[in-house]
Amino acid sequence: MPRIVQKYGGTSVGDVERIKKVAERIKATRDEGHELVVVVSARSGVTNELIARAKAVCEHPSEREMDMLLAIGEQETIALTAMALHGVGVDAVSYTGAQAGIFTDKVHTKAKIKTINAQPIDKDLKQGKVVIVAGFQGINEDGHVTTLGRGGSDLTAIALAAALQADKCEIYTDVDGVYTADPRVVKTARKLNEISYDEMLELASSGSKVMQSRSVEFAKKYGVVFEVRSSFNHNPGTIVKEEVAYMEKVVVRGVAVDKDQAKVIVSNIVDKPGSAARVFRALADANVLVDMIVQNVPRHGVANLTFTVPQGDSHRAQKVLEPVLAEIGGGAVAIHEHIAKLSVVGVGMKTHSGVAATLFQALADVGINIELITTSEIKISIVIDLDRADEAARVTHEAFQLSQLGV
Ligand code: ADP
Ligand code: ASP
Ligand code: MG
């Protein structure tokens, strides 16, 4: 019997009516003769609400307790989904991450999956049951509940598809698939029929939250082909898979915007070997994720270093850098949070020139200033003013004629 893993995101299971609709879709797939594992997220908004409650009782909640709390969201939806399935005559059983055998490392709030013991699920599937698994959570070797980072239900689904050697993995969400830009911001965005793992990974890690970036990394590593599609209609979605030669014909496949970044400027740092190393060692030791890094040409024996970090890390960055700068012999740290990162992504950039020129011209034409620039083989990222981020996404989308993209 073909085996399918389906994942339904927060909006798809947003209230009891929607959970009943999801149960009908699950029943239809089961009735077609498939073995079925279903991963569900918490109802949309629930995880954020739980985080707000944690912050209301404690300014810096312990990460272990945070995981204990956040795991509740998904636990509600697995039980309700199983009950809704019982209501339509489908034999279903719900499992928490731990019960589903999802073992992780010990890093609370962003744990990595180490192994999955697929035996219990396998047994249920063979007995004809539909298995409902809580996304976003696992258990570590000490028996503590862990979570897999925001959007982590995507990772649960992909990892289960790999472990259970599923024939198909479907990620159901509130849009028809992966678009050339966020369709809520760029109205002319087009749905892509397919996209390579590398492009999806760059888009996801640049702010396109349609897929969690770690889940795409995992899919690439284990060769899990998956489809992103809507839970509200039956339109075909977007297939995410290994790059094939014809994909390079398209230079830019998508535009992403990340509004959750902050710019850190370290000014007047002594220009001597080891200064940058000390700065970035201190940041790494404090688990600060550094992205774009630019250093200006040193003058009068001092230099400026500018880089971006997730907003949630910016104050920690400032705190750990101040003593380091004092030790090195001077320098100041300033944080700018009113920024956004815009990225254009496409495997075709490897073989085509002129992408940077087109991007910079499009922004210059509407008077948007570029503050930082970095490039990789298949991506160009820039930092701009937050207030103009959506407009920048639209003019960039237009400049690369992405609304005419037919693939
Ligand atoms: P789920 O709760 O199903 O996991 P998410 O809210 O995490 O859904 O992701 C879906 C959202 O991602 C869409 O509603 C859309 O606004 C946003 N999004 C951002 N960039 C893109 C893109 N390039 N293509 C499709 N959706 C995107
Ligand atoms: N509920 C979690 C979150 O909101 C995980 C997920 O939805 O994928 O991040
Ligand atoms: Mg999501």
# chains A, B, ... in the order shown; residues from 1 in each chain; ligands from 1
>>> closest_atom_pairs(of="chain A", to="ligand 1", cutoff="8 Å", atoms="only C-alpha atoms and all ligand atoms", output="JSON lines")
{"residue": "A:Tyr8", "atom": "CA", "partner": "ligand 1", "partner_atom_place_in_ligand_line": "3 (O)", "distance": 6.2}
{"residue": "A:Gly9", "atom": "CA", "partner": "ligand 1", "partner_atom_place_in_ligand_line": "3 (O)", "distance": 3.3}
{"residue": "A:Gly10", "atom": "CA", "partner": "ligand 1", "partner_atom_place_in_ligand_line": "2 (O)", "distance": 3.9}
{"residue": "A:Thr11", "atom": "CA", "partner": "ligand 1", "partner_atom_place_in_ligand_line": "2 (O)", "distance": 5.3}
{"residue": "A:Ser12", "atom": "CA", "partner": "ligand 1", "partner_atom_place_in_ligand_line": "3 (O)", "distance": 6.5}
{"residue": "A:Ser41", "atom": "CA", "partner": "ligand 1", "partner_atom_place_in_ligand_line": "2 (O)", "distance": 7.2}
{"residue": "A:Ser44", "atom": "CA", "partner": "ligand 1", "partner_atom_place_in_ligand_line": "2 (O)", "distance": 6.5}
{"residue": "A:Gly151", "atom": "CA", "partner": "ligand 1", "partner_atom_place_in_ligand_line": "7 (O)", "distance": 5.9}
{"residue": "A:Ser153", "atom": "CA", "partner": "ligand 1", "partner_atom_place_in_ligand_line": "4 (O)", "distance": 7.4}
{"residue": "A:Asp154", "atom": "CA", "partner": "ligand 1", "partner_atom_place_in_ligand_line": "4 (O)", "distance": 7.0}
{"residue": "A:Ile171", "atom": "CA", "partner": "ligand 1", "partner_atom_place_in_ligand_line": "3 (O)", "distance": 7.7}
{"residue": "A:Tyr172", "atom": "CA", "partner": "ligand 1", "partner_atom_place_in_ligand_line": "3 (O)", "distance": 6.2}
{"residue": "A:Thr173", "atom": "CA", "partner": "ligand 1", "partner_atom_place_in_ligand_line": "3 (O)", "distance": 3.5}
{"residue": "A:Asp174", "atom": "CA", "partner": "ligand 1", "partner_atom_place_in_ligand_line": "14 (O)", "distance": 5.4}
{"residue": "A:Val175", "atom": "CA", "partner": "ligand 1", "partner_atom_place_in_ligand_line": "13 (C)", "distance": 5.6}
{"residue": "A:Asp176", "atom": "CA", "partner": "ligand 1", "partner_atom_place_in_ligand_line": "25 (C)", "distance": 7.5}
{"residue": "A:Gly177", "atom": "CA", "partner": "ligand 1", "partner_atom_place_in_ligand_line": "25 (C)", "distance": 5.7}
{"residue": "A:Val178", "atom": "CA", "partner": "ligand 1", "partner_atom_place_in_ligand_line": "24 (N)", "distance": 3.8}
{"residue": "A:Tyr179", "atom": "CA", "partner": "ligand 1", "partner_atom_place_in_ligand_line": "24 (N)", "distance": 3.7}
{"residue": "A:Thr180", "atom": "CA", "partner": "ligand 1", "partner_atom_place_in_ligand_line": "23 (N)", "distance": 5.3}
{"residue": "A:Ala181", "atom": "CA", "partner": "ligand 1", "partner_atom_place_in_ligand_line": "23 (N)", "distance": 4.1}
{"residue": "A:Asp182", "atom": "CA", "partner": "ligand 1", "partner_atom_place_in_ligand_line": "20 (N)", "distance": 3.6}
{"residue": "A:Pro183", "atom": "CA", "partner": "ligand 1", "partner_atom_place_in_ligand_line": "16 (O)", "distance": 6.1}
{"residue": "A:Arg184", "atom": "CA", "partner": "ligand 1", "partner_atom_place_in_ligand_line": "16 (O)", "distance": 5.2}
{"residue": "A:Val185", "atom": "CA", "partner": "ligand 1", "partner_atom_place_in_ligand_line": "16 (O)", "distance": 7.7}
{"residue": "A:Lys191", "atom": "CA", "partner": "ligand 1", "partner_atom_place_in_ligand_line": "24 (N)", "distance": 7.4}
{"residue": "A:Leu203", "atom": "CA", "partner": "ligand 1", "partner_atom_place_in_ligand_line": "23 (N)", "distance": 7.2}
{"residue": "A:Ala204", "atom": "CA", "partner": "ligand 1", "partner_atom_place_in_ligand_line": "20 (N)", "distance": 7.9}
{"residue": "A:Gly207", "atom": "CA", "partner": "ligand 1", "partner_atom_place_in_ligand_line": "20 (N)", "distance": 7.1}
{"residue": "A:Ser208", "atom": "CA", "partner": "ligand 1", "partner_atom_place_in_ligand_line": "20 (N)", "distance": 3.7}
{"residue": "A:Lys209", "atom": "CA", "partner": "ligand 1", "partner_atom_place_in_ligand_line": "12 (O)", "distance": 4.7}
{"residue": "A:Val210", "atom": "CA", "partner": "ligand 1", "partner_atom_place_in_ligand_line": "9 (O)", "distance": 3.6}
{"residue": "A:Met211", "atom": "CA", "partner": "ligand 1", "partner_atom_place_in_ligand_line": "7 (O)", "distance": 6.4}
{"residue": "A:Gln212", "atom": "CA", "partner": "ligand 1", "partner_atom_place_in_ligand_line": "7 (O)", "distance": 7.5}
{"residue": "A:Gly254", "atom": "CA", "partner": "ligand 1", "partner_atom_place_in_ligand_line": "23 (N)", "distance": 6.8}
{"residue": "A:Val255", "atom": "CA", "partner": "ligand 1", "partner_atom_place_in_ligand_line": "23 (N)", "distance": 7.1}
{"residue": "A:Ala256", "atom": "CA", "partner": "ligand 1", "partner_atom_place_in_ligand_line": "20 (N)", "distance": 6.5}
{"residue": "A:Val257", "atom": "CA", "partner": "ligand 1", "partner_atom_place_in_ligand_line": "20 (N)", "distance": 8.0}
>>> write_last_selection(atoms="N, CA, C and O atoms", output="compact mmCIF listing (two decimals), in the first residue's frame")
# COMPACT_ATOMS: atom_id res chain seq x y z
N TYR A 8 -0.45 19.30 8.16
CA TYR A 8 -1.40 20.41 8.12
C TYR A 8 -0.93 21.50 9.08
O TYR A 8 -0.74 21.24 10.27
N GLY A 9 -0.74 22.72 8.55
CA GLY A 9 -0.22 23.83 9.35
C GLY A 9 -1.29 24.50 10.19
O GLY A 9 -2.48 24.12 10.17
N GLY A 10 -0.88 25.52 10.95
CA GLY A 10 -1.72 26.16 11.95
C GLY A 10 -3.05 26.71 11.44
O GLY A 10 -4.08 26.55 12.10
N THR A 11 -3.05 27.34 10.27
CA THR A 11 -4.31 27.91 9.76
C THR A 11 -5.25 26.78 9.33
O THR A 11 -6.46 26.87 9.52
N SER A 12 -4.67 25.71 8.78
CA SER A 12 -5.48 24.59 8.28
C SER A 12 -6.24 23.89 9.42
O SER A 12 -7.29 23.31 9.19
N SER A 41 0.12 20.93 13.25
CA SER A 41 0.66 22.04 14.05
C SER A 41 -0.35 22.41 15.12
O SER A 41 -1.48 21.93 15.12
N SER A 44 -3.44 28.11 14.65
CA SER A 44 -2.66 29.33 14.40
C SER A 44 -2.86 30.32 15.55
O SER A 44 -3.97 30.49 16.06
N GLY A 151 8.03 26.94 13.33
CA GLY A 151 7.72 26.31 12.05
C GLY A 151 8.16 24.86 11.97
O GLY A 151 8.14 24.23 10.91
N SER A 153 6.98 21.98 12.65
CA SER A 153 6.15 20.85 12.22
C SER A 153 6.52 20.40 10.81
O SER A 153 6.36 19.22 10.45
N ASP A 154 7.02 21.33 10.00
CA ASP A 154 7.49 20.95 8.66
C ASP A 154 8.59 19.90 8.79
O ASP A 154 8.62 18.91 8.07
N ILE A 171 2.88 18.85 2.21
CA ILE A 171 2.82 19.90 3.23
C ILE A 171 1.62 20.78 2.89
O ILE A 171 1.66 21.54 1.91
N TYR A 172 0.55 20.66 3.67
CA TYR A 172 -0.66 21.45 3.41
C TYR A 172 -0.62 22.75 4.21
O TYR A 172 -0.38 22.74 5.41
N THR A 173 -0.87 23.87 3.50
CA THR A 173 -0.80 25.16 4.17
C THR A 173 -1.95 26.05 3.69
O THR A 173 -2.94 25.55 3.16
N ASP A 174 -1.82 27.38 3.89
CA ASP A 174 -2.93 28.27 3.54
C ASP A 174 -2.72 29.00 2.21
O ASP A 174 -3.42 29.95 1.91
N VAL A 175 -1.68 28.62 1.46
CA VAL A 175 -1.50 29.13 0.09
C VAL A 175 -1.31 27.93 -0.84
O VAL A 175 -1.03 26.83 -0.37
N ASP A 176 -1.45 28.15 -2.16
CA ASP A 176 -1.45 27.04 -3.11
C ASP A 176 -0.09 26.36 -3.32
O ASP A 176 -0.01 25.35 -4.01
N GLY A 177 0.97 26.97 -2.80
CA GLY A 177 2.29 26.39 -3.01
C GLY A 177 3.34 27.45 -2.74
O GLY A 177 3.07 28.44 -2.05
N VAL A 178 4.52 27.23 -3.31
CA VAL A 178 5.60 28.21 -3.15
C VAL A 178 5.48 29.19 -4.32
O VAL A 178 5.43 28.78 -5.48
N TYR A 179 5.43 30.47 -4.00
CA TYR A 179 5.27 31.52 -5.01
C TYR A 179 6.60 32.23 -5.26
O TYR A 179 7.55 32.11 -4.47
N THR A 180 6.61 33.05 -6.33
CA THR A 180 7.81 33.83 -6.66
C THR A 180 8.11 34.90 -5.60
O THR A 180 9.21 35.45 -5.58
N ALA A 181 7.13 35.21 -4.77
CA ALA A 181 7.30 36.12 -3.62
C ALA A 181 6.12 35.85 -2.70
O ALA A 181 5.19 35.13 -3.09
N ASP A 182 6.14 36.39 -1.49
CA ASP A 182 5.00 36.19 -0.59
C ASP A 182 3.74 36.75 -1.26
O ASP A 182 3.63 37.95 -1.48
N PRO A 183 2.76 35.88 -1.59
CA PRO A 183 1.58 36.36 -2.33
C PRO A 183 0.74 37.36 -1.54
O PRO A 183 -0.08 38.06 -2.11
N ARG A 184 0.95 37.43 -0.22
CA ARG A 184 0.21 38.42 0.56
C ARG A 184 0.80 39.81 0.41
O ARG A 184 0.15 40.81 0.70
N VAL A 185 2.04 39.89 -0.05
CA VAL A 185 2.72 41.19 -0.21
C VAL A 185 2.79 41.60 -1.68
O VAL A 185 2.54 42.74 -2.03
N LYS A 191 2.62 31.15 -8.70
CA LYS A 191 2.95 29.87 -8.06
C LYS A 191 3.95 29.11 -8.93
O LYS A 191 3.82 29.09 -10.15
N LEU A 203 15.46 30.64 -0.05
CA LEU A 203 14.26 31.46 0.18
C LEU A 203 13.81 31.33 1.64
O LEU A 203 13.52 32.32 2.31
N ALA A 204 13.78 30.08 2.13
CA ALA A 204 13.31 29.85 3.50
C ALA A 204 14.22 30.53 4.51
O ALA A 204 13.75 31.17 5.46
N GLY A 207 13.69 34.41 4.79
CA GLY A 207 12.47 35.02 5.30
C GLY A 207 11.16 34.51 4.70
O GLY A 207 10.09 34.92 5.14
N SER A 208 11.20 33.61 3.69
CA SER A 208 9.94 33.06 3.14
C SER A 208 9.46 31.96 4.08
O SER A 208 9.93 30.83 4.00
N LYS A 209 8.51 32.29 4.94
CA LYS A 209 8.22 31.33 6.01
C LYS A 209 7.32 30.16 5.57
O LYS A 209 6.91 29.36 6.40
N VAL A 210 7.06 30.07 4.26
CA VAL A 210 6.21 28.98 3.80
C VAL A 210 6.78 27.60 4.16
O VAL A 210 6.03 26.66 4.40
N MET A 211 8.12 27.48 4.24
CA MET A 211 8.74 26.24 4.75
C MET A 211 9.80 26.62 5.78
O MET A 211 10.52 27.60 5.61
N GLN A 212 9.91 25.81 6.84
CA GLN A 212 10.98 26.04 7.81
C GLN A 212 12.31 25.65 7.14
O GLN A 212 12.40 24.57 6.53
N GLY A 254 12.84 33.63 -7.22
CA GLY A 254 11.98 34.20 -6.18
C GLY A 254 12.64 35.33 -5.41
O GLY A 254 13.86 35.52 -5.46
N VAL A 255 11.78 36.08 -4.70
CA VAL A 255 12.22 37.21 -3.87
C VAL A 255 11.74 36.94 -2.45
O VAL A 255 10.58 36.54 -2.26
N ALA A 256 12.62 37.14 -1.47
CA ALA A 256 12.21 36.94 -0.08
C ALA A 256 12.54 38.19 0.74
O ALA A 256 13.52 38.88 0.44
N VAL A 257 11.73 38.44 1.76
CA VAL A 257 12.00 39.57 2.65
C VAL A 257 12.00 39.07 4.08
O VAL A 257 11.12 38.30 4.48
>>> residues_around(residues="A:Glu141", least_positions_apart="6", cutoff="9 Å", atoms="only C-alpha atoms", output="number ranges by chain")
A: 103-106
>>> write_last_selection(atoms="N, CA, C and O atoms", output="JSON list (two decimals), in the first residue's frame")
[["chain", "number", "residue", "atom", "x", "y", "z"],
["A", 103, "PHE", "N", 13.54, 11.30, 18.67],
["A", 103, "PHE", "CA", 14.59, 11.62, 19.65],
["A", 103, "PHE", "C", 15.46, 12.75, 19.14],
["A", 103, "PHE", "O", 15.88, 12.76, 17.99],
["A", 104, "THR", "N", 15.71, 13.73, 20.02],
["A", 104, "THR", "CA", 16.46, 14.92, 19.61],
["A", 104, "THR", "C", 17.70, 15.10, 20.49],
["A", 104, "THR", "O", 17.88, 14.40, 21.49],
["A", 105, "ASP", "N", 18.51, 16.10, 20.14],
["A", 105, "ASP", "CA", 19.60, 16.48, 21.03],
["A", 105, "ASP", "C", 19.02, 17.30, 22.19],
["A", 105, "ASP", "O", 17.80, 17.41, 22.32],
["A", 106, "LYS", "N", 19.92, 17.90, 23.01],
["A", 106, "LYS", "CA", 19.43, 18.53, 24.25],
["A", 106, "LYS", "C", 19.21, 20.03, 24.12],
["A", 106, "LYS", "O", 18.99, 20.71, 25.12]]
>>> residues_around(residues="stretch 348-361 of chain A", least_positions_apart="6", cutoff="9 Å", atoms="only C-alpha atoms", output="list in words")
Met247, Glu248, Lys249, Val250, Val251, Val252, Arg253, Ile370, Glu377, Ile378, Lys379, Ile380, Val395, Thr396, Ala399 and Phe400 of chain A
>>> write_last_selection(atoms="all heavy atoms", output="compact mmCIF listing (two decimals), in the first residue's frame")
# COMPACT_ATOMS: atom_id res chain seq x y z
N MET A 247 16.38 23.88 -14.86
CA MET A 247 16.04 24.91 -13.85
C MET A 247 16.96 26.13 -13.99
O MET A 247 16.61 27.22 -13.62
CB MET A 247 16.16 24.34 -12.45
CG MET A 247 15.03 23.41 -12.07
SD MET A 247 15.25 22.83 -10.39
CE MET A 247 13.73 21.92 -10.13
N GLU A 248 18.18 25.90 -14.52
CA GLU A 248 19.14 27.01 -14.62
C GLU A 248 18.75 28.03 -15.67
O GLU A 248 19.33 29.11 -15.74
CB GLU A 248 20.55 26.47 -14.92
CG GLU A 248 21.21 25.91 -13.70
CD GLU A 248 22.72 25.81 -13.84
OE1 GLU A 248 23.28 26.44 -14.75
OE2 GLU A 248 23.31 25.06 -13.04
N LYS A 249 17.78 27.69 -16.51
CA LYS A 249 17.34 28.66 -17.53
C LYS A 249 16.70 29.88 -16.89
O LYS A 249 16.69 30.96 -17.45
CB LYS A 249 16.34 28.00 -18.48
CG LYS A 249 17.01 27.04 -19.43
CD LYS A 249 16.08 26.71 -20.57
CE LYS A 249 16.63 25.57 -21.40
NZ LYS A 249 15.69 24.49 -21.57
N VAL A 250 16.09 29.68 -15.71
CA VAL A 250 15.48 30.81 -15.01
C VAL A 250 16.54 31.41 -14.09
O VAL A 250 17.13 30.71 -13.29
CB VAL A 250 14.27 30.33 -14.18
CG1 VAL A 250 13.69 31.46 -13.36
CG2 VAL A 250 13.23 29.74 -15.09
N VAL A 251 16.80 32.73 -14.26
CA VAL A 251 17.89 33.34 -13.51
C VAL A 251 17.45 33.59 -12.06
O VAL A 251 18.11 33.18 -11.11
CB VAL A 251 18.32 34.67 -14.17
CG1 VAL A 251 19.53 35.24 -13.45
CG2 VAL A 251 18.63 34.44 -15.63
N VAL A 252 16.32 34.27 -11.89
CA VAL A 252 15.81 34.54 -10.54
C VAL A 252 14.48 33.82 -10.38
O VAL A 252 13.57 33.99 -11.19
CB VAL A 252 15.62 36.06 -10.31
CG1 VAL A 252 14.88 36.32 -9.01
CG2 VAL A 252 16.97 36.75 -10.29
N ARG A 253 14.38 32.97 -9.36
CA ARG A 253 13.12 32.24 -9.19
C ARG A 253 12.24 32.87 -8.12
O ARG A 253 11.04 32.68 -8.12
CB ARG A 253 13.39 30.77 -8.84
CG ARG A 253 12.18 29.90 -9.13
CD ARG A 253 12.49 28.42 -9.09
NE ARG A 253 13.63 28.06 -9.87
CZ ARG A 253 13.59 27.68 -11.15
NH1 ARG A 253 12.45 27.61 -11.78
NH2 ARG A 253 14.70 27.37 -11.77
N ILE A 370 20.51 51.29 -0.44
CA ILE A 370 21.02 49.97 -0.06
C ILE A 370 22.10 50.15 1.01
O ILE A 370 23.07 50.86 0.79
CB ILE A 370 21.61 49.25 -1.30
CG1 ILE A 370 20.51 49.06 -2.35
CG2 ILE A 370 22.22 47.91 -0.89
CD1 ILE A 370 21.02 48.57 -3.69
N GLU A 377 26.47 31.99 -4.38
CA GLU A 377 26.39 31.53 -5.77
C GLU A 377 24.99 31.69 -6.35
O GLU A 377 24.83 32.00 -7.52
CB GLU A 377 26.80 30.05 -5.79
CG GLU A 377 27.42 29.64 -7.09
CD GLU A 377 27.81 28.17 -7.09
OE1 GLU A 377 27.35 27.41 -6.21
OE2 GLU A 377 28.58 27.79 -7.98
N ILE A 378 23.96 31.52 -5.51
CA ILE A 378 22.59 31.55 -6.06
C ILE A 378 21.71 32.60 -5.35
O ILE A 378 20.50 32.52 -5.40
CB ILE A 378 21.92 30.16 -6.02
CG1 ILE A 378 21.67 29.67 -4.58
CG2 ILE A 378 22.74 29.13 -6.78
CD1 ILE A 378 20.69 28.50 -4.52
N LYS A 379 22.34 33.58 -4.67
CA LYS A 379 21.53 34.56 -3.94
C LYS A 379 22.25 35.91 -3.84
O LYS A 379 23.46 35.95 -3.70
CB LYS A 379 21.25 34.03 -2.53
CG LYS A 379 20.45 34.97 -1.66
CD LYS A 379 20.06 34.33 -0.35
CE LYS A 379 21.19 34.43 0.66
NZ LYS A 379 20.76 34.03 2.01
N ILE A 380 21.47 37.00 -3.93
CA ILE A 380 22.01 38.33 -3.57
C ILE A 380 21.10 38.87 -2.48
O ILE A 380 19.87 38.85 -2.62
CB ILE A 380 21.99 39.31 -4.77
CG1 ILE A 380 22.85 38.76 -5.90
CG2 ILE A 380 22.50 40.69 -4.34
CD1 ILE A 380 22.86 39.63 -7.14
N VAL A 395 8.93 46.06 -6.52
CA VAL A 395 9.69 46.55 -7.68
C VAL A 395 10.73 45.52 -8.13
O VAL A 395 10.99 45.38 -9.33
CB VAL A 395 10.35 47.94 -7.45
CG1 VAL A 395 9.31 49.01 -7.20
CG2 VAL A 395 11.38 47.93 -6.35
N THR A 396 11.27 44.77 -7.18
CA THR A 396 12.24 43.74 -7.56
C THR A 396 11.54 42.64 -8.36
O THR A 396 12.03 42.17 -9.39
CB THR A 396 12.90 43.13 -6.29
OG1 THR A 396 13.49 44.19 -5.54
CG2 THR A 396 13.94 42.10 -6.64
N ALA A 399 11.03 43.95 -11.75
CA ALA A 399 12.27 44.12 -12.53
C ALA A 399 12.74 42.79 -13.13
O ALA A 399 13.28 42.76 -14.23
CB ALA A 399 13.37 44.70 -11.63
N PHE A 400 12.50 41.69 -12.41
CA PHE A 400 12.92 40.38 -12.95
C PHE A 400 11.76 39.69 -13.68
O PHE A 400 11.86 38.50 -14.01
CB PHE A 400 13.48 39.50 -11.83
CG PHE A 400 14.82 39.99 -11.33
CD1 PHE A 400 14.92 40.71 -10.16
CD2 PHE A 400 15.98 39.76 -12.07
CE1 PHE A 400 16.15 41.18 -9.70
CE2 PHE A 400 17.22 40.22 -11.63
CZ PHE A 400 17.30 40.95 -10.45
>>> residues_around(residues="stretch 13-24 of chain A", least_positions_apart="2", cutoff="10 Å", atoms="only C-alpha atoms", output="PyMOL selection string")
chain A and resi 8-11+26-30+40-46+77-78+80-88+90+172-173+231-232
>>> write_last_selection(atoms="N, CA, C and O atoms", output="short mmCIF file (atom, residue, chain, number, x, y, z; two decimals), in the first residue's frame")
data_model
loop_
_atom_site.label_atom_id
_atom_site.label_comp_id
_atom_site.auth_asym_id
_atom_site.auth_seq_id
_atom_site.Cartn_x
_atom_site.Cartn_y
_atom_site.Cartn_z
N TYR A 8 -0.45 19.30 8.16
CA TYR A 8 -1.40 20.41 8.12
C TYR A 8 -0.93 21.50 9.08
O TYR A 8 -0.74 21.24 10.27
N GLY A 9 -0.74 22.72 8.55
CA GLY A 9 -0.22 23.83 9.35
C GLY A 9 -1.29 24.50 10.19
O GLY A 9 -2.48 24.12 10.17
N GLY A 10 -0.88 25.52 10.95
CA GLY A 10 -1.72 26.16 11.95
C GLY A 10 -3.05 26.71 11.44
O GLY A 10 -4.08 26.55 12.10
N THR A 11 -3.05 27.34 10.27
CA THR A 11 -4.31 27.91 9.76
C THR A 11 -5.25 26.78 9.33
O THR A 11 -6.46 26.87 9.52
N ILE A 26 -8.43 13.75 5.14
CA ILE A 26 -7.65 12.58 5.56
C ILE A 26 -8.42 11.30 5.22
O ILE A 26 -7.87 10.34 4.68
N LYS A 27 -9.71 11.32 5.51
CA LYS A 27 -10.55 10.13 5.23
C LYS A 27 -10.52 9.81 3.73
O LYS A 27 -10.37 8.65 3.33
N ALA A 28 -10.63 10.86 2.90
CA ALA A 28 -10.63 10.65 1.44
C ALA A 28 -9.32 9.99 0.99
O ALA A 28 -9.32 9.05 0.18
N THR A 29 -8.19 10.45 1.55
CA THR A 29 -6.90 9.87 1.17
C THR A 29 -6.82 8.42 1.64
O THR A 29 -6.36 7.53 0.93
N ARG A 30 -7.27 8.21 2.87
CA ARG A 30 -7.26 6.83 3.41
C ARG A 30 -8.14 5.91 2.54
O ARG A 30 -7.77 4.80 2.20
N VAL A 40 0.34 17.38 12.57
CA VAL A 40 -0.41 18.64 12.69
C VAL A 40 0.34 19.64 13.58
O VAL A 40 1.07 19.27 14.49
N SER A 41 0.12 20.93 13.25
CA SER A 41 0.66 22.04 14.05
C SER A 41 -0.35 22.41 15.12
O SER A 41 -1.48 21.93 15.12
N ALA A 42 0.04 23.34 15.97
CA ALA A 42 -0.91 23.96 16.90
C ALA A 42 -1.85 24.85 16.08
O ALA A 42 -1.49 25.29 14.98
N ARG A 43 -3.06 25.12 16.60
CA ARG A 43 -3.95 26.09 15.92
C ARG A 43 -3.21 27.40 15.76
O ARG A 43 -2.43 27.79 16.65
N SER A 44 -3.44 28.11 14.65
CA SER A 44 -2.66 29.33 14.40
C SER A 44 -2.86 30.32 15.55
O SER A 44 -3.97 30.49 16.06
N GLY A 45 -1.80 30.92 15.98
CA GLY A 45 -1.85 31.89 17.08
C GLY A 45 -1.58 31.30 18.44
O GLY A 45 -1.16 32.00 19.36
N VAL A 46 -1.77 29.98 18.58
CA VAL A 46 -1.66 29.37 19.91
C VAL A 46 -0.21 29.43 20.43
O VAL A 46 0.04 29.80 21.59
N THR A 77 -4.20 19.72 19.14
CA THR A 77 -4.70 19.42 17.78
C THR A 77 -4.61 17.94 17.42
O THR A 77 -5.45 17.45 16.67
N ILE A 78 -3.60 17.22 17.95
CA ILE A 78 -3.56 15.78 17.59
C ILE A 78 -4.81 15.07 18.13
O ILE A 78 -5.43 14.28 17.43
N LEU A 80 -7.76 16.38 18.97
CA LEU A 80 -8.99 16.81 18.29
C LEU A 80 -9.08 16.20 16.88
O LEU A 80 -10.16 15.81 16.43
N THR A 81 -7.94 16.13 16.19
CA THR A 81 -7.96 15.56 14.83
C THR A 81 -8.32 14.08 14.89
O THR A 81 -9.13 13.59 14.09
N ALA A 82 -7.73 13.36 15.86
CA ALA A 82 -8.07 11.93 16.00
C ALA A 82 -9.56 11.76 16.30
O ALA A 82 -10.24 10.92 15.71
N MET A 83 -10.09 12.62 17.19
CA MET A 83 -11.53 12.52 17.54
C MET A 83 -12.40 12.82 16.33
O MET A 83 -13.41 12.14 16.10
N ALA A 84 -12.01 13.85 15.55
CA ALA A 84 -12.79 14.19 14.36
C ALA A 84 -12.79 13.02 13.38
O ALA A 84 -13.80 12.73 12.72
N LEU A 85 -11.66 12.31 13.31
CA LEU A 85 -11.60 11.13 12.43
C LEU A 85 -12.49 10.01 12.95
O LEU A 85 -13.19 9.35 12.18
N HIS A 86 -12.49 9.81 14.26
CA HIS A 86 -13.39 8.79 14.84
C HIS A 86 -14.83 9.13 14.47
O HIS A 86 -15.62 8.25 14.15
N GLY A 87 -15.12 10.43 14.49
CA GLY A 87 -16.48 10.89 14.18
C GLY A 87 -16.93 10.54 12.77
O GLY A 87 -18.13 10.41 12.51
N VAL A 88 -15.97 10.40 11.85
CA VAL A 88 -16.36 10.02 10.48
C VAL A 88 -15.98 8.55 10.18
O VAL A 88 -15.85 8.14 9.03
N VAL A 90 -13.21 6.74 10.98
CA VAL A 90 -11.84 6.33 10.63
C VAL A 90 -11.09 5.95 11.91
O VAL A 90 -11.13 6.68 12.90
N TYR A 172 0.55 20.66 3.67
CA TYR A 172 -0.66 21.45 3.41
C TYR A 172 -0.62 22.75 4.21
O TYR A 172 -0.38 22.74 5.41
N THR A 173 -0.87 23.87 3.50
CA THR A 173 -0.80 25.16 4.17
C THR A 173 -1.95 26.05 3.69
O THR A 173 -2.94 25.55 3.16
N SER A 231 -4.58 23.42 1.81
CA SER A 231 -5.57 22.53 2.43
C SER A 231 -6.98 23.01 2.15
O SER A 231 -7.95 22.39 2.56
N PHE A 232 -7.10 24.15 1.44
CA PHE A 232 -8.45 24.72 1.20
C PHE A 232 -8.98 24.43 -0.20
O PHE A 232 -10.08 24.81 -0.54
#
>>> residues_around(residues="A:Val224", least_positions_apart="5", cutoff="8 Å", atoms="only C-alpha atoms", output="PyMOL selection string")
chain A and resi 158+161-162+169+219+241
>>> residues_around(residues="A:Ile384", least_positions_apart="3", cutoff="8 Å", atoms="only C-alpha atoms", output="NGL selection string")
:A and (339-342 or 368-372 or 388-389)
>>> residues_around(residues="A:Glu35", least_positions_apart="3", cutoff="8 Å", atoms="only C-alpha atoms", output="PyMOL selection string")
chain A and resi 1-4+30+125-126+128-130
>>> select_by_dssp(residues="stretch 161-400 of chain A", states="strand (DSSP E)", output="VMD selection string")
chain A and resid 168 to 173 194 to 196 226 to 230 238 to 241 254 to 258 261 to 270 293 to 295 302 to 310 332 to 336 339 to 345 372 to 376 379 to 385
